[in-house]
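I have placed the structure first, in the form of structure tokens, so that the comments after it can refer back to it.
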Amino acid sequence: MLSQTLNRAARSTRARRAVESIPLTRRVVDRFVPGETTAEAVAAAQRMAATGRAVTIDVLGEDVLDLAGARAMRDAYLGLLDALAEAGCAAGSDVSLKLSAMGQALPDGTAIATEHAAEICAAAAALGCTVSLDMEDHTTVDSTLAIGADLRRSYPFVGNVLQTNLFRTPGDITALDGSAARIRLVKGAYREPASVAHQRKADVDRAYELAIDALMTSDSYPMIATHDPAMLDRAVLRAGEAGRTDAQWEVQMLYGVSPQLEQTIVDAGHRMRVYLPYGTDWYGYFMRRLAERPANVAFFLRALTRR
Ligand code: FDA
């Protein structure tokens with residue numbers, strides 16, 4: 001119930017104004033968002049590299065409503081890639097894009113978002129960086145997968161995300177087998193209707209287990225994105241059974257959620273990549289993190305009362 005309310009609040013302008021106006025929110029947000037500027041994001045990437053973690057960086061912002069906004073987001077990513085190159089940490093890094101921020105919802109949005117993403121891919125390719133397309137709510141999945149496939153024709157390093165709460169995902173894994181695509185597997189952060197998605201956590205988890213099995217035996221590059229130790233144990237087991245080396249799959253986690261678990265993965269010699277979101281537009285991202293784990297709301301409230 002609480003998580004449904006938070007997911008609704010993540011889309012509400014009124015709730016957004018209320019949360020943003022709380023003076024201490026920024027301190028709480030810092031747990032999940034390492035900064036508002038490109039320089040802070042690059043510094044966080046350098047700290048991660050020093051501890052054996054790669055990164056995927058997300059410039060926060062979604063649902064851009066006009067072409068100027070979409071162009072500004074494209075430019076923010078191009079600036080980020082330049083800054084990573086200047087700091088000597090572009091190669092091996094990844095950037096995560098939301099196509100809604102690239103203009104996907106505008107009239108003729110598929111063409112606009114594809115063009116913006118392609119410009120980012122061209123810059124990334126020159127630096128040895130990869131690009132992943134975040135997955136948003138279920139209404140965008142067909143378009144996001146199609147744009148991913150289109151971009152991979154020129155930039156094979158473009159990754160897609162699949163969400164195991166959606167009924168369609170086993171079919172999407174099968175459809176992507178043969179494309180050697182980078183596939184990030186997540187449970188799904190959006191509240192979805194019962195007509196398209198599992199509603200019980202146990203069913204989402206079971207679907208995640210089966211998706212790990214399917215991805216590990218496919219020709220995709222699996223990116224197992226979870227903080228769930230049982231899923232990570234299964235991924236290690238299935239990767240071994242499928243004869244994958246540690247260079248043939250990776251684990252991904254969100255910044256600030258489980259640094260200890262990240263360290264366990266690094267210590268075991270597996271590839272570990274941390275998702276680093278940054279920017280001033282942190283509201284939607286932050287609210288989804290609260291919705292995932294109602295205990296975070298208590299953390300939020302405690303921080304607000306601790307002055
Ligand atoms: P689960 O929710 O079962 O949590 C397992 C354990 O992890 C919990 O018991 C808790 O200990 C800890 N945990 C999880 N979330 C936490 C939180 N917010 N705060 C504190 N502890 C927490 N989704 C999407 O729809 N589209 C996308 O593109 C992406 N991209 C993405 C990238 C990466 C790198 C990750 C790790 C995740 C995403 N997600 C996403 C989010 C994903 O769908 C999912 O909502 C979260 O990862 C939480 O699910 P878990 O797999 O961690 O399992």
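Chain labels A, B, ... are given in the sequence in which chains occur in the structure tokens; within each chain residues are numbered consecutively from 1, and ligands are likewise numbered from 1 in the order shown.
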*Taking the DSSP assignment computed from this structure's backbone, write out as a ChimeraX atom specification all residues of range 127-189 of chain A that belong to helix (DSSP H, G or I).*
/A:127,138-154,169-176
Print the selection's residues with C-alpha atoms to a file, as a short mmCIF file (atom, residue, chain, number, x, y, z; two decimals), in the first residue's frame.
data_model
loop_
_atom_site.label_atom_id
_atom_site.label_comp_id
_atom_site.auth_asym_id
_atom_site.auth_seq_id
_atom_site.Cartn_x
_atom_site.Cartn_y
_atom_site.Cartn_z
CA LEU A 127 35.95 6.78 -26.02
CA HIS A 138 5.31 -0.99 -19.87
CA THR A 139 3.83 1.37 -22.47
CA THR A 140 7.35 2.21 -23.66
CA VAL A 141 8.81 -1.33 -23.89
CA ASP A 142 8.13 -2.03 -27.59
CA SER A 143 9.54 1.33 -28.63
CA THR A 144 12.61 1.06 -26.38
CA LEU A 145 13.46 -2.47 -27.57
CA ALA A 146 13.02 -1.39 -31.21
CA ILE A 147 15.27 1.65 -30.75
CA GLY A 148 17.85 -0.58 -29.02
CA ALA A 149 17.85 -3.02 -31.96
CA ASP A 150 18.10 -0.15 -34.42
CA LEU A 151 21.06 1.43 -32.60
CA ARG A 152 22.87 -1.93 -32.28
CA ARG A 153 23.16 -2.10 -36.08
CA SER A 154 25.79 0.67 -35.83
CA THR A 169 9.88 -10.70 -20.58
CA PRO A 170 10.54 -14.44 -21.20
CA GLY A 171 9.47 -13.85 -24.83
CA ASP A 172 11.72 -10.79 -25.07
CA ILE A 173 14.72 -12.81 -23.80
CA THR A 174 14.07 -15.40 -26.50
CA ALA A 175 13.61 -12.72 -29.16
CA LEU A 176 16.91 -11.06 -28.19
#
Neighbouring residues of ligand 1 are defined here as those with any atom at most 7 Å from a ligand atom, counting only C-alpha atoms and all ligand atoms; list them as a PDB file with C-alpha atoms, in the first residue's frame.
ATOM      1  CA  ASP A 134      16.957   2.214 -19.147  1.00  0.00           C
ATOM      2  CA  MET A 135      13.481   0.680 -19.316  1.00  0.00           C
ATOM      3  CA  GLU A 136      10.528   2.782 -18.178  1.00  0.00           C
ATOM      4  CA  ASP A 137       6.867   1.794 -17.775  1.00  0.00           C
ATOM      5  CA  VAL A 161      16.869  -3.563 -19.855  1.00  0.00           C
ATOM      6  CA  GLN A 163      11.914  -6.243 -16.200  1.00  0.00           C
ATOM      7  CA  VAL A 186      15.869  -6.045 -13.274  1.00  0.00           C
ATOM      8  CA  LYS A 187      12.744  -6.859 -11.262  1.00  0.00           C
ATOM      9  CA  GLY A 188      11.011  -3.626 -12.391  1.00  0.00           C
ATOM     10  CA  ALA A 189      10.590  -0.329 -10.566  1.00  0.00           C
ATOM     11  CA  TYR A 190       7.254   0.836 -12.028  1.00  0.00           C
ATOM     12  CA  ALA A 225      21.046  -5.929 -11.719  1.00  0.00           C
ATOM     13  CA  THR A 226      19.783  -6.701  -8.228  1.00  0.00           C
ATOM     14  CA  HIS A 227      20.594  -6.410  -4.522  1.00  0.00           C
ATOM     15  CA  ASP A 228      18.961  -9.743  -3.791  1.00  0.00           C
ATOM     16  CA  GLN A 252      25.025  -4.236 -11.302  1.00  0.00           C
ATOM     17  CA  MET A 253      23.702  -2.412  -8.236  1.00  0.00           C
ATOM     18  CA  LEU A 254      22.266   1.042  -7.546  1.00  0.00           C
ATOM     19  CA  VAL A 257      21.711   0.606  -1.715  1.00  0.00           C
ATOM     20  CA  SER A 258      24.143  -2.130  -0.705  1.00  0.00           C
ATOM     21  CA  VAL A 274      27.450   0.610  -9.915  1.00  0.00           C
ATOM     22  CA  TYR A 275      24.594   2.715 -11.324  1.00  0.00           C
ATOM     23  CA  ARG A 289      13.910   4.032  -4.308  1.00  0.00           C
ATOM     24  CA  LEU A 290      11.607   4.816  -1.365  1.00  0.00           C
ATOM     25  CA  GLU A 292      11.056  -0.269  -3.378  1.00  0.00           C
ATOM     26  CA  ARG A 293      11.690  -0.488   0.327  1.00  0.00           C
ATOM     27  CA  ASN A 296      13.632   3.739   3.495  1.00  0.00           C
TER      28      ASN A 296
END
*Determine which residues of range 117-202 of chain A receive a DSSP assignment of strand (DSSP E), computed from the backbone, and state them as a ChimeraX atom specification.*
/A:130-133,158-163,182-186
*Top pick for closest residue to Ala268 in chain A, considering A:Cys129, A:Ile112, A:Gly52, A:Ala87 and counting only C-alpha atoms*: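 Result for the nearest residue to Ala268 in chain A: A:Gly52.
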_Give me, as a ChimeraX atom specification, all polymer residues having an atom no more than 8 Å from Arg234 in chain A, counting only C-alpha atoms and skipping those fewer than 4 positions away in the same chain._
/A:209,212,230,238
Written selection (C-alpha atoms) as a short mmCIF file (atom, residue, chain, number, x, y, z; two decimals), in the first residue's frame:
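Written file, selection_31.cif:
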data_model
loop_
_atom_site.label_atom_id
_atom_site.label_comp_id
_atom_site.auth_asym_id
_atom_site.auth_seq_id
_atom_site.Cartn_x
_atom_site.Cartn_y
_atom_site.Cartn_z
CA GLU A 209 15.25 -16.79 -11.36
CA ILE A 212 18.72 -15.66 -15.08
CA ALA A 230 19.60 -15.25 -3.54
CA ARG A 238 24.27 -20.63 -13.59
#
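Minimum distance to Asp75 in chain A across A:Leu237, A:Val251, A:Ala101, A:Leu301 (counting only C-alpha atoms) occurs at A:Ala101.
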*Tell me which of A:Gln46, A:Thr13, A:Ser96, A:Ser220 sits closest to Tyr278 in chain A, counting only C-alpha atoms.*
A:Ser96
*Residue contacts of Val131 in chain A (8 Å, only C-alpha atoms) excluding same-chain residues fewer than 4 positions away, as a PyMOL selection string*: chain A and resi 94-97+121+124+157-159
Please produce a file of the residues just selected, as a PDB file, in the first residue's frame, where the atoms kept are N, CA and C atoms.
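Final output, saved to selection-v1.pdb:
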ATOM      1  N   ASP A  94      30.006   3.100 -18.626  1.00  0.00           N
ATOM      2  CA  ASP A  94      28.761   2.983 -19.384  1.00  0.00           C
ATOM      3  C   ASP A  94      27.906   4.196 -19.023  1.00  0.00           C
ATOM      4  N   VAL A  95      27.068   4.643 -19.938  1.00  0.00           N
ATOM      5  CA  VAL A  95      26.079   5.655 -19.564  1.00  0.00           C
ATOM      6  C   VAL A  95      24.684   5.061 -19.749  1.00  0.00           C
ATOM      7  N   SER A  96      23.798   5.364 -18.825  1.00  0.00           N
ATOM      8  CA  SER A  96      22.418   4.867 -18.873  1.00  0.00           C
ATOM      9  C   SER A  96      21.490   6.007 -19.278  1.00  0.00           C
ATOM     10  N   LEU A  97      20.730   5.782 -20.352  1.00  0.00           N
ATOM     11  CA  LEU A  97      19.819   6.825 -20.860  1.00  0.00           C
ATOM     12  C   LEU A  97      18.377   6.419 -20.663  1.00  0.00           C
ATOM     13  N   CYS A 121      25.795   7.649 -28.655  1.00  0.00           N
ATOM     14  CA  CYS A 121      26.519   6.403 -28.962  1.00  0.00           C
ATOM     15  C   CYS A 121      27.792   6.694 -29.759  1.00  0.00           C
ATOM     16  N   ALA A 124      30.309   7.987 -27.395  1.00  0.00           N
ATOM     17  CA  ALA A 124      30.740   6.912 -26.486  1.00  0.00           C
ATOM     18  C   ALA A 124      31.693   5.959 -27.206  1.00  0.00           C
ATOM     19  N   PHE A 157      27.351  -2.223 -28.890  1.00  0.00           N
ATOM     20  CA  PHE A 157      27.464  -2.167 -27.423  1.00  0.00           C
ATOM     21  C   PHE A 157      26.209  -1.618 -26.736  1.00  0.00           C
ATOM     22  N   VAL A 158      25.189  -1.274 -27.488  1.00  0.00           N
ATOM     23  CA  VAL A 158      23.989  -0.696 -26.850  1.00  0.00           C
ATOM     24  C   VAL A 158      23.202  -1.784 -26.112  1.00  0.00           C
ATOM     25  N   GLY A 159      22.940  -1.539 -24.837  1.00  0.00           N
ATOM     26  CA  GLY A 159      22.234  -2.521 -24.022  1.00  0.00           C
ATOM     27  C   GLY A 159      20.783  -2.142 -23.803  1.00  0.00           C
TER      28      GLY A 159
END
Exercise: Arg206 in chain A partners within 12 Å, only C-alpha atoms, chain neighbours under 2 positions left out, as an mmCIF file with C-alpha atoms, in the first residue's frame:
data_model
loop_
_atom_site.group_PDB
_atom_site.id
_atom_site.type_symbol
_atom_site.label_atom_id
_atom_site.label_comp_id
_atom_site.auth_asym_id
_atom_site.auth_seq_id
_atom_site.Cartn_x
_atom_site.Cartn_y
_atom_site.Cartn_z
ATOM 1 C CA THR A 164 10.821 -9.579 -14.737
ATOM 2 C CA ASN A 165 7.579 -8.181 -13.330
ATOM 3 C CA PHE A 167 4.667 -11.166 -18.370
ATOM 4 C CA PRO A 170 10.535 -14.442 -21.204
ATOM 5 C CA LYS A 187 12.744 -6.859 -11.262
ATOM 6 C CA HIS A 198 2.943 -9.986 -11.854
ATOM 7 C CA ARG A 200 3.027 -10.655 -6.100
ATOM 8 C CA LYS A 201 6.695 -10.232 -5.195
ATOM 9 C CA ALA A 202 7.149 -14.027 -5.048
ATOM 10 C CA ASP A 203 6.054 -14.261 -8.697
ATOM 11 C CA VAL A 204 8.431 -11.460 -9.763
ATOM 12 C CA TYR A 208 13.762 -13.347 -12.159
ATOM 13 C CA GLU A 209 15.248 -16.793 -11.365
ATOM 14 C CA LEU A 210 13.971 -18.237 -14.631
ATOM 15 C CA ALA A 211 15.215 -15.197 -16.548
ATOM 16 C CA ILE A 212 18.717 -15.655 -15.079
ATOM 17 C CA ASP A 213 18.688 -19.261 -16.304
ATOM 18 C CA ALA A 230 19.600 -15.247 -3.537
ATOM 19 C CA MET A 231 19.473 -14.013 -7.149
ATOM 20 C CA ARG A 234 21.893 -18.234 -8.602
#
*A:Thr280, A:Ser3, A:Thr245, A:Gln104: which is nearest Asp58 in chain A, counting only C-alpha atoms?*
A:Thr280
*Choose the residue, out of A:Tyr283, A:Arg273, A:Gln4, A:Ala117, that has the smallest atom-to-atom separation from Asp30 in chain A; count only C-alpha atoms.*
A:Tyr283
*Can you tell me how far CA of Asp233 in chain A sits from CA of Ile265 in chain A, in Å to one decimal?*
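About the pair CA of Asp233 in chain A and CA of Ile265 in chain A: they are 10.2 Å apart.
For the pair CA of Arg168 in chain A and CA of Leu185 in chain A, the separation is 13.3 Å.
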*asked:* Calculated over only C-alpha atoms, which of the candidates A:Asp219, A:Asp205, A:Asp246, A:Glu192 has the smallest distance to Ser179 in chain A?
replied: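 Distance minimum relative to Ser179 in chain A lands on A:Asp219.
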